[in-house]
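Peer 1: Input: one structure, supplied below.
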Amino acid sequence: MAGIIRNKIAWIVFAFLAIGVGLYPLIYWFAADRFGILYSKTAELLANEVWNVGFYGHITFGGLALMSGWSQFSKKLRSKNLALHRNLGKAYVFSVLIGGICGVYIAFFATGGLIASLGFLCLGIIWLYTTLKAYFAIRAKDLALHQGMMIYSYAACFAAVTLRIWLPLLTIAFGEFLIAYRIVAWLCWIPNMIFAFFWVRKKGINLA
């Protein structure tokens with residue numbers, strides 16, 4: 001009984017964080033002035049239309065991916081409404097393609113220089129690769145590969161959440177935002193991938 005309660009609480013927290021951070025980009029759209037990470041950008045970069053398309057495309061579709069992706073792990077949804085599960089899956093894949101491509105582009109302009117750029121670039125590539133792998137697997141009716149790659153894909157997507165947990169803690173610990181940001185560019189997703197590895201392994205999914 002205690003295990004069931006713990007699982008329900010974990011699921012509620014998981015969904016709450018995914019939806020909450022998924023809605024976070026709305027602040028950027030409606031803020032009257034610079035907000036968040038935009039404070040660290042130069043006036044020249046903020047005036048760059050291509051970068052703005054990349055930035056807002058990334059945060060918007062990344063947010064949509066977060067909000068559409070968490071429900072894909074609900075067994076109840078899959079069993080009761082398979083059509084909704086599939087439609088949400090398509091929305092997730094589309095959102096990842098736009099958000100991921102934009103993310104790879106803006107990674108080259110990341111605050112914190114080369115170290116941060118490489119961290120976010122690796123994340124963007126992994127996110128796109130695992131999502132496409134999951135999509136083509138389900139098209140080929142390889143359910144095991146699809147499930148395994150979706151776990152990795154959403155673990156990469158969930159980096160948006162873990163970044164916002166780690167960043168303030170690291171900033172307090174090091175007393176400097178730039179150092180914290182360089183670290184979080186890697187820390188926001190590597191532990192997620194390790195967690196995904198053990199989750200896939202526990203489920204007995206063979207990705208070879």
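Chain labels run A, B, ... following the order of the structure tokens; each chain numbers its residues from 1, and ligands are numbered from 1 in the order shown.
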What's around Leu17 of chain A at 9 Å? Count only C-alpha atoms, leave out sequence neighbours fewer than 5 positions away in its own chain, and write the answer as a PyMOL selection string.

Peer 2: chain A and resi 12+22+161

Peer 1: Using only C-alpha atoms, determine which residues lie at most 8 Å from segment 142-156 of chain A, disregarding the query and same-chain residues fewer than 6 positions distant; provide the list as a compact mmCIF listing (two decimals) with N, CA and C atoms, in the first residue's frame.

Peer 2:
# COMPACT_ATOMS: atom_id res chain seq x y z
N LEU A 66 7.12 19.11 -23.41
CA LEU A 66 7.02 18.74 -21.99
C LEU A 66 5.58 18.41 -21.61
N GLY A 69 4.30 15.19 -23.60
CA GLY A 69 5.08 13.97 -23.47
C GLY A 69 4.87 13.20 -22.19
N TRP A 70 4.61 13.88 -21.07
CA TRP A 70 4.52 13.17 -19.79
C TRP A 70 3.38 12.15 -19.78
N LEU A 123 22.87 17.80 -25.84
CA LEU A 123 21.50 17.54 -25.41
C LEU A 123 20.53 17.62 -26.57
N ILE A 126 20.93 14.56 -28.91
CA ILE A 126 20.40 13.35 -28.27
C ILE A 126 18.88 13.38 -28.27
N TRP A 127 18.31 14.54 -27.96
CA TRP A 127 16.85 14.68 -27.93
C TRP A 127 16.24 14.38 -29.30
N LEU A 128 16.81 14.95 -30.34
CA LEU A 128 16.31 14.72 -31.69
C LEU A 128 16.50 13.25 -32.12
N THR A 130 16.91 10.41 -30.29
CA THR A 130 16.09 9.42 -29.58
C THR A 130 14.61 9.54 -29.96
N THR A 131 14.16 10.76 -30.20
CA THR A 131 12.76 10.96 -30.59
C THR A 131 12.47 10.38 -31.96
N LYS A 133 14.21 8.09 -33.45
CA LYS A 133 14.37 6.64 -33.33
C LYS A 133 13.10 6.01 -32.78
N ALA A 134 12.50 6.66 -31.79
CA ALA A 134 11.25 6.17 -31.20
C ALA A 134 10.11 6.22 -32.22
N TYR A 135 10.07 7.29 -33.00
CA TYR A 135 9.01 7.45 -34.00
C TYR A 135 9.10 6.37 -35.09
N PHE A 136 10.30 6.19 -35.64
CA PHE A 136 10.46 5.20 -36.70
C PHE A 136 10.30 3.77 -36.17
N TRP A 189 21.10 17.19 -17.94
CA TRP A 189 20.66 16.04 -18.74
C TRP A 189 21.45 14.75 -18.52
N ASN A 192 19.82 12.52 -16.03
CA ASN A 192 18.55 12.05 -16.61
C ASN A 192 18.80 10.85 -17.53
N MET A 193 19.87 10.90 -18.30
CA MET A 193 20.20 9.80 -19.20
C MET A 193 20.60 8.55 -18.41
N ALA A 196 17.43 7.11 -17.15
CA ALA A 196 16.74 6.44 -18.27
C ALA A 196 17.37 5.09 -18.57
N PHE A 197 18.69 5.02 -18.52
CA PHE A 197 19.41 3.76 -18.78
C PHE A 197 18.95 2.67 -17.81
N TRP A 199 16.21 2.67 -16.01
CA TRP A 199 14.78 2.41 -16.19
C TRP A 199 14.55 1.44 -17.35
N VAL A 200 15.22 1.69 -18.45
CA VAL A 200 15.10 0.80 -19.62
C VAL A 200 15.61 -0.60 -19.26
N ILE A 205 14.14 -3.96 -21.60
CA ILE A 205 14.06 -3.60 -23.01
C ILE A 205 15.44 -3.69 -23.65
N ASN A 206 15.52 -4.44 -24.73
CA ASN A 206 16.78 -4.59 -25.45
C ASN A 206 16.80 -3.62 -26.62
N LEU A 207 17.70 -2.64 -26.59
CA LEU A 207 17.76 -1.63 -27.65
C LEU A 207 18.77 -1.95 -28.72

Peer 1: Can you pull out every residue within 12 Å of Phe94 of chain A, counting only C-alpha atoms, but drop anything in the same chain fewer than 6 positions away, and send it as a list in words?

Peer 2: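 Selected residues are Phe61, Gly62, Leu64, Ala65, Ser68, Gly69, Asn87, Leu88, Gly100, Ile101, Leu128, Thr131, Leu132 and Tyr135 of chain A.
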
Peer 1: Just give me the gap between atom CA of Cys122 of chain A and atom CA of Thr162 of chain A in Å, one decimal is fine.

Peer 2: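 Going from atom CA of Cys122 of chain A over to atom CA of Thr162 of chain A, I get 16.0 Å.
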
Peer 1: Report, in Å with one decimal, the straight-line distance from atom CA of Leu77 of chain A to atom CA of Ile194 of chain A.

Peer 2: 26.4 Å

Peer 1: Output as JSON lines one row per residue of segment 145-198 of chain A within 12 Å of segment 30-42 of chain A: the closest atom pair and its distance in Å to one decimal place, counting only C-alpha atoms, sorted by chain and residue number ascending.

Peer 2:
{"residue": "A:Arg164", "atom": "CA", "partner": "A:Gly36", "partner_atom": "CA", "distance": 11.2}
{"residue": "A:Leu167", "atom": "CA", "partner": "A:Ile37", "partner_atom": "CA", "distance": 11.6}
{"residue": "A:Phe177", "atom": "CA", "partner": "A:Ser40", "partner_atom": "CA", "distance": 9.9}
{"residue": "A:Leu178", "atom": "CA", "partner": "A:Ser40", "partner_atom": "CA", "distance": 9.4}
{"residue": "A:Tyr181", "atom": "CA", "partner": "A:Ile37", "partner_atom": "CA", "distance": 10.2}

Peer 1: Write a file of the just-selected residues containing all heavy atoms, as a PDB file, in the first residue's frame.

Peer 2:
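Done, and the output landed in part_6.pdb:
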ATOM      1  N   ARG A 164      16.133  23.862 -14.110  1.00  0.00           N
ATOM      2  CA  ARG A 164      15.571  24.887 -13.225  1.00  0.00           C
ATOM      3  C   ARG A 164      15.629  24.479 -11.755  1.00  0.00           C
ATOM      4  O   ARG A 164      15.421  25.308 -10.878  1.00  0.00           O
ATOM      5  CB  ARG A 164      14.139  25.202 -13.667  1.00  0.00           C
ATOM      6  CG  ARG A 164      14.126  26.057 -14.920  1.00  0.00           C
ATOM      7  CD  ARG A 164      12.829  26.065 -15.667  1.00  0.00           C
ATOM      8  NE  ARG A 164      12.948  26.928 -16.822  1.00  0.00           N
ATOM      9  CZ  ARG A 164      13.490  26.552 -17.983  1.00  0.00           C
ATOM     10  NH1 ARG A 164      13.961  25.308 -18.128  1.00  0.00           N
ATOM     11  NH2 ARG A 164      13.587  27.393 -18.989  1.00  0.00           N
ATOM     12  N   LEU A 167      20.019  24.865 -11.324  1.00  0.00           N
ATOM     13  CA  LEU A 167      20.660  26.168 -11.536  1.00  0.00           C
ATOM     14  C   LEU A 167      20.668  27.057 -10.280  1.00  0.00           C
ATOM     15  O   LEU A 167      21.738  27.594  -9.930  1.00  0.00           O
ATOM     16  CB  LEU A 167      20.008  26.894 -12.715  1.00  0.00           C
ATOM     17  CG  LEU A 167      20.671  28.204 -13.144  1.00  0.00           C
ATOM     18  CD1 LEU A 167      22.146  27.983 -13.479  1.00  0.00           C
ATOM     19  CD2 LEU A 167      19.945  28.806 -14.348  1.00  0.00           C
ATOM     20  N   PHE A 177      26.817  33.061 -11.345  1.00  0.00           N
ATOM     21  CA  PHE A 177      25.875  32.493 -12.305  1.00  0.00           C
ATOM     22  C   PHE A 177      26.575  31.774 -13.457  1.00  0.00           C
ATOM     23  O   PHE A 177      26.164  30.679 -13.856  1.00  0.00           O
ATOM     24  CB  PHE A 177      24.962  33.589 -12.853  1.00  0.00           C
ATOM     25  CG  PHE A 177      24.029  33.114 -13.931  1.00  0.00           C
ATOM     26  CD1 PHE A 177      22.882  32.410 -13.609  1.00  0.00           C
ATOM     27  CD2 PHE A 177      24.307  33.356 -15.279  1.00  0.00           C
ATOM     28  CE1 PHE A 177      22.012  31.954 -14.603  1.00  0.00           C
ATOM     29  CE2 PHE A 177      23.452  32.908 -16.273  1.00  0.00           C
ATOM     30  CZ  PHE A 177      22.306  32.213 -15.937  1.00  0.00           C
ATOM     31  N   LEU A 178      27.629  32.368 -14.022  1.00  0.00           N
ATOM     32  CA  LEU A 178      28.266  31.790 -15.204  1.00  0.00           C
ATOM     33  C   LEU A 178      28.859  30.410 -14.925  1.00  0.00           C
ATOM     34  O   LEU A 178      28.743  29.505 -15.746  1.00  0.00           O
ATOM     35  CB  LEU A 178      29.355  32.727 -15.746  1.00  0.00           C
ATOM     36  CG  LEU A 178      28.858  33.916 -16.576  1.00  0.00           C
ATOM     37  CD1 LEU A 178      30.040  34.762 -17.049  1.00  0.00           C
ATOM     38  CD2 LEU A 178      28.027  33.453 -17.769  1.00  0.00           C
ATOM     39  N   TYR A 181      26.023  28.039 -14.695  1.00  0.00           N
ATOM     40  CA  TYR A 181      25.379  27.783 -15.990  1.00  0.00           C
ATOM     41  C   TYR A 181      26.205  26.822 -16.845  1.00  0.00           C
ATOM     42  O   TYR A 181      25.650  25.990 -17.558  1.00  0.00           O
ATOM     43  CB  TYR A 181      25.156  29.096 -16.732  1.00  0.00           C
ATOM     44  CG  TYR A 181      24.056  29.014 -17.766  1.00  0.00           C
ATOM     45  CD1 TYR A 181      22.722  28.912 -17.368  1.00  0.00           C
ATOM     46  CD2 TYR A 181      24.343  29.025 -19.125  1.00  0.00           C
ATOM     47  CE1 TYR A 181      21.707  28.824 -18.305  1.00  0.00           C
ATOM     48  CE2 TYR A 181      23.329  28.944 -20.070  1.00  0.00           C
ATOM     49  CZ  TYR A 181      22.013  28.840 -19.657  1.00  0.00           C
ATOM     50  OH  TYR A 181      20.999  28.743 -20.580  1.00  0.00           O
TER      51      TYR A 181
END

Peer 1: In terms of the shortest atom-to-atom distance over only C-alpha atoms, which of A:Phe108, A:Phe73, A:Phe158, A:Phe174 is closest to Phe195 of chain A?

Peer 2: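 Of A:Phe108, A:Phe73, A:Phe158, A:Phe174, the one nearest Phe195 of chain A, counting only C-alpha atoms, is A:Phe158.
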
Peer 1: Quick check for you: according to DSSP on this backbone, which residues of chain A are classed as helix (DSSP H, G or I)? Reply as a PyMOL selection string.

Peer 2: chain A and resi 2-23+25-30+36-40+43-46+49-73+75-80+82-107+114-139+143-157+159-174+177-187+190-202

Peer 1: Given only C-alpha atoms as the basis, pick out the residue of A:Ala137, A:Ala159, A:Ala180, A:Ile98 nearest to Gly54 of chain A.

Peer 2: A:Ile98

Peer 1: Using only C-alpha atoms, which of the listed residues (A:Val53, A:Ile179, A:Ala185, A:Ala160) sits closest to Tyr105 of chain A?

Peer 2: A:Val53

Peer 1: Quick one: residues within 12 Å of Leu118 of chain A, only C-alpha atoms, excluding same-chain residues fewer than 4 positions away - as a list in words?

Peer 2: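 Surrounding residues, per the criterion: Gly103, Val104, Tyr105, Ile106, Ala107, Phe108, Phe109, Ala110, Thr111, Gly112, Gly113, Leu114, Cys122, Leu123, Gly124, Ile125, Arg182, Ile183, Val184, Ala185 and Trp186 of chain A.
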
Peer 1: Out of A:Phe120, A:Trp51, A:Tyr92, A:Phe16, which residue has the shortest atom-to-atom distance to Ile190 of chain A when counting only C-alpha atoms?

Peer 2: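 Looking at the shortest contact to Ile190 of chain A, the residue is A:Phe120.
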